[in-house]
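Student: The structure follows.
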Amino acid sequence: MSCVSIALVSTRTNCSDKTVKGKVLRKCPLVSSASGDFILKIIVQEEVSPPDASPQNPSINVILFGAIAKDFDGAVNQGDVVAAAGFTVGKSPTVQKDKLHPFNLLLRGTAPAFMCLLLFSSSSSSSCLKILSGSQEELLALR
């Protein structure tokens with residue numbers, strides 16, 4: 001897997017082997033639908049943009065669906081650094097309103113097994129990495 005700049009994300013980007021990493025600027029409230037499904041929206045900003053990337057869209061909406069939305073809501077705080085893999089890309093219906101990236105990253109709890117969010121916690125005194133994948137969680141110590 002290789003990391004792709006947020007500025008370079010588009011519907012033409014082959015995301016099957018890509019990750020996007022950034023700092024959580026905002027976490028919206030978890031929403032539960034009438035069918036019992038969960039939806040969570042976060043805004044992620046790239047910490048350091050590569051020199052060839054456009055500085056215009058350093059932030060992107062990440063929309064989580066299902067069990068991973070619920071897990072992520074309880075595990076991640078504003079200021080944490082996360083990396084997403086196994087996402088799809090969709091056009092942002094709010095780009096005119098929020099002036100963020102024209103595309104969203106979409107993570108569904110029913111996505112392939114490699115779909116995950118990595119949490120590099122800012123609230124922990126030790127350096128930890130938490131892997132959130134659907135309803136499975138694993139905590140790894142980084143050295």
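A note on labels: chains of the structure tokens are A, B, ... as shown, every chain counts residues from 1, and ligands are counted from 1 in their shown order.
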Set the distance at 7 Å and use only C-alpha atoms: which residues neighbour segment 58-62 of chain A once local chain neighbours fewer than 5 positions away are removed? I'd like the list as a list in words.

Tutor: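 Residues meeting the cut-off are Ile6, Ala7, Lys41, Ile42, Ile43, Val44, Gln45, Glu46, Leu100, His101, Asn104, Leu105 and Leu106 of chain A.
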
Student: For the residues in that selection, give me N, CA and C atoms as a PDB file, in the first residue's frame.

Tutor:
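Generated file (result37.pdb):
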```pdb
ATOM      1  N   ILE A   6      -4.145  13.857  -0.230  1.00  0.00           N
ATOM      2  CA  ILE A   6      -5.569  14.203  -0.283  1.00  0.00           C
ATOM      3  C   ILE A   6      -5.852  15.039  -1.515  1.00  0.00           C
ATOM      4  N   ALA A   7      -4.943  15.938  -1.860  1.00  0.00           N
ATOM      5  CA  ALA A   7      -5.139  16.811  -3.020  1.00  0.00           C
ATOM      6  C   ALA A   7      -5.234  16.032  -4.325  1.00  0.00           C
ATOM      7  N   LYS A  41     -19.499  11.363   9.887  1.00  0.00           N
ATOM      8  CA  LYS A  41     -18.701  12.201   8.995  1.00  0.00           C
ATOM      9  C   LYS A  41     -17.582  12.835   9.804  1.00  0.00           C
ATOM     10  N   ILE A  42     -16.368  12.738   9.265  1.00  0.00           N
ATOM     11  CA  ILE A  42     -15.234  13.428   9.860  1.00  0.00           C
ATOM     12  C   ILE A  42     -14.546  14.241   8.765  1.00  0.00           C
ATOM     13  N   ILE A  43     -13.831  15.258   9.180  1.00  0.00           N
ATOM     14  CA  ILE A  43     -13.029  16.052   8.253  1.00  0.00           C
ATOM     15  C   ILE A  43     -11.572  15.813   8.611  1.00  0.00           C
ATOM     16  N   VAL A  44     -10.820  15.389   7.616  1.00  0.00           N
ATOM     17  CA  VAL A  44      -9.416  15.049   7.805  1.00  0.00           C
ATOM     18  C   VAL A  44      -8.564  16.008   6.980  1.00  0.00           C
ATOM     19  N   GLN A  45      -7.495  16.512   7.589  1.00  0.00           N
ATOM     20  CA  GLN A  45      -6.574  17.412   6.896  1.00  0.00           C
ATOM     21  C   GLN A  45      -5.203  16.771   6.820  1.00  0.00           C
ATOM     22  N   GLU A  46      -4.642  16.833   5.638  1.00  0.00           N
ATOM     23  CA  GLU A  46      -3.296  16.308   5.443  1.00  0.00           C
ATOM     24  C   GLU A  46      -2.322  17.147   6.262  1.00  0.00           C
ATOM     25  N   LEU A 100     -14.481  22.346   0.926  1.00  0.00           N
ATOM     26  CA  LEU A 100     -13.455  21.320   1.098  1.00  0.00           C
ATOM     27  C   LEU A 100     -13.213  20.629  -0.236  1.00  0.00           C
ATOM     28  N   HIS A 101     -12.600  19.498  -0.202  1.00  0.00           N
ATOM     29  CA  HIS A 101     -12.267  18.707  -1.380  1.00  0.00           C
ATOM     30  C   HIS A 101     -13.534  18.377  -2.174  1.00  0.00           C
ATOM     31  N   ASN A 104     -15.370  12.868  -1.597  1.00  0.00           N
ATOM     32  CA  ASN A 104     -15.400  12.291  -0.253  1.00  0.00           C
ATOM     33  C   ASN A 104     -14.738  10.927  -0.292  1.00  0.00           C
ATOM     34  N   LEU A 105     -14.151  10.525   0.835  1.00  0.00           N
ATOM     35  CA  LEU A 105     -13.715   9.138   1.009  1.00  0.00           C
ATOM     36  C   LEU A 105     -14.859   8.410   1.695  1.00  0.00           C
ATOM     37  N   LEU A 106     -15.236   7.255   1.184  1.00  0.00           N
ATOM     38  CA  LEU A 106     -16.350   6.477   1.719  1.00  0.00           C
ATOM     39  C   LEU A 106     -15.833   5.150   2.249  1.00  0.00           C
TER      40      LEU A 106
END
```

Student: List the neighbours of segment 69-79 of chain A out to 6 Å using only C-alpha atoms; skip same-chain residues closer than 4 positions along the sequence, and give me the result as an mmCIF file with C-alpha atoms, in the first residue's frame.

Tutor:
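Heads up, here's the output in selection-v5.cif:
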```cif
data_model
loop_
_atom_site.group_PDB
_atom_site.id
_atom_site.type_symbol
_atom_site.label_atom_id
_atom_site.label_comp_id
_atom_site.auth_asym_id
_atom_site.auth_seq_id
_atom_site.Cartn_x
_atom_site.Cartn_y
_atom_site.Cartn_z
ATOM 1 C CA LYS A 23 -5.341 14.821 11.230
ATOM 2 C CA VAL A 24 -8.978 14.811 12.370
ATOM 3 C CA LEU A 25 -10.105 18.441 12.249
ATOM 4 C CA ARG A 26 -13.745 17.745 13.091
ATOM 5 C CA ILE A 39 -23.243 7.091 9.627
ATOM 6 C CA LEU A 40 -20.356 9.280 10.777
ATOM 7 C CA LEU A 64 -18.127 6.052 7.502
ATOM 8 C CA PHE A 65 -21.061 3.634 7.336
#
```

Student: Out of A:Asp37, A:Lys99, A:Lys27, A:Ser92, which residue has the shortest atom-to-atom distance to Val9 of chain A when counting only C-alpha atoms?

Tutor: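 Under the stated criterion, the closest residue is A:Ser92.
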
Student: Taking 2 positions as the minimum chain separation for residues in the same chain, which residues sit within 9 Å of Val20 of chain A when counting only C-alpha atoms? Answer as a list in words.

Tutor: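 Everything that qualifies: Ser2, Cys3, Val4, Ser5, Ile6, Val9, Lys18, Gly22, Glu46, Val82, Ala83, Ala84 and Ala85 of chain A.
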
Student: Can you work out the spacing between atom CA of Leu30 of chain A and atom CA of Ala67 of chain A in Å, to one decimal?

Tutor: 11.3 Å

Student: Please give the complete set of residues from segment 18-79 of chain A that DSSP, run on the backbone, assigns to helix (DSSP H, G or I), formatted as a list of chain:residue names.

Tutor: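 Checking each residue of segment 18-79 of chain A, the helix (DSSP H, G or I) ones are A:Ala67, A:Ile68, A:Ala69, A:Lys70, A:Asp71, A:Phe72, A:Asp73, A:Gly74, A:Ala75.
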
Student: Based on the selection just made, write C-alpha atoms of those residues as a PDB file, in the first residue's frame.

Tutor:
```pdb
ATOM      1  CA  ALA A  67     -20.133  -0.859  12.378  1.00  0.00           C
ATOM      2  CA  ILE A  68     -16.923   0.996  11.577  1.00  0.00           C
ATOM      3  CA  ALA A  69     -18.783   4.320  12.048  1.00  0.00           C
ATOM      4  CA  LYS A  70     -19.868   3.299  15.539  1.00  0.00           C
ATOM      5  CA  ASP A  71     -16.408   1.964  16.447  1.00  0.00           C
ATOM      6  CA  PHE A  72     -14.657   5.036  15.081  1.00  0.00           C
ATOM      7  CA  ASP A  73     -16.992   7.399  16.956  1.00  0.00           C
ATOM      8  CA  GLY A  74     -16.010   5.872  20.283  1.00  0.00           C
ATOM      9  CA  ALA A  75     -12.291   5.605  19.566  1.00  0.00           C
TER      10      ALA A  75
END
```

Student: A:Met1, A:Val31, A:Leu8, A:Val89: which is nearest Gly66 of chain A, counting only C-alpha atoms?

Tutor: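 Closest to Gly66 of chain A of all the choices is A:Val31.
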
Student: In Å to one decimal, how far is atom CA of Asp80 of chain A from atom CA of Phe38 of chain A?

Tutor: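 Atom-to-atom, atom CA of Phe38 of chain A to atom CA of Asp80 of chain A, that is 21.1 Å.
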
Student: By how many Å are atom CA of Lys21 of chain A and atom CA of Lys97 of chain A apart?

Tutor: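 Between atom CA of Lys21 of chain A and atom CA of Lys97 of chain A the gap is 23.6 Å.
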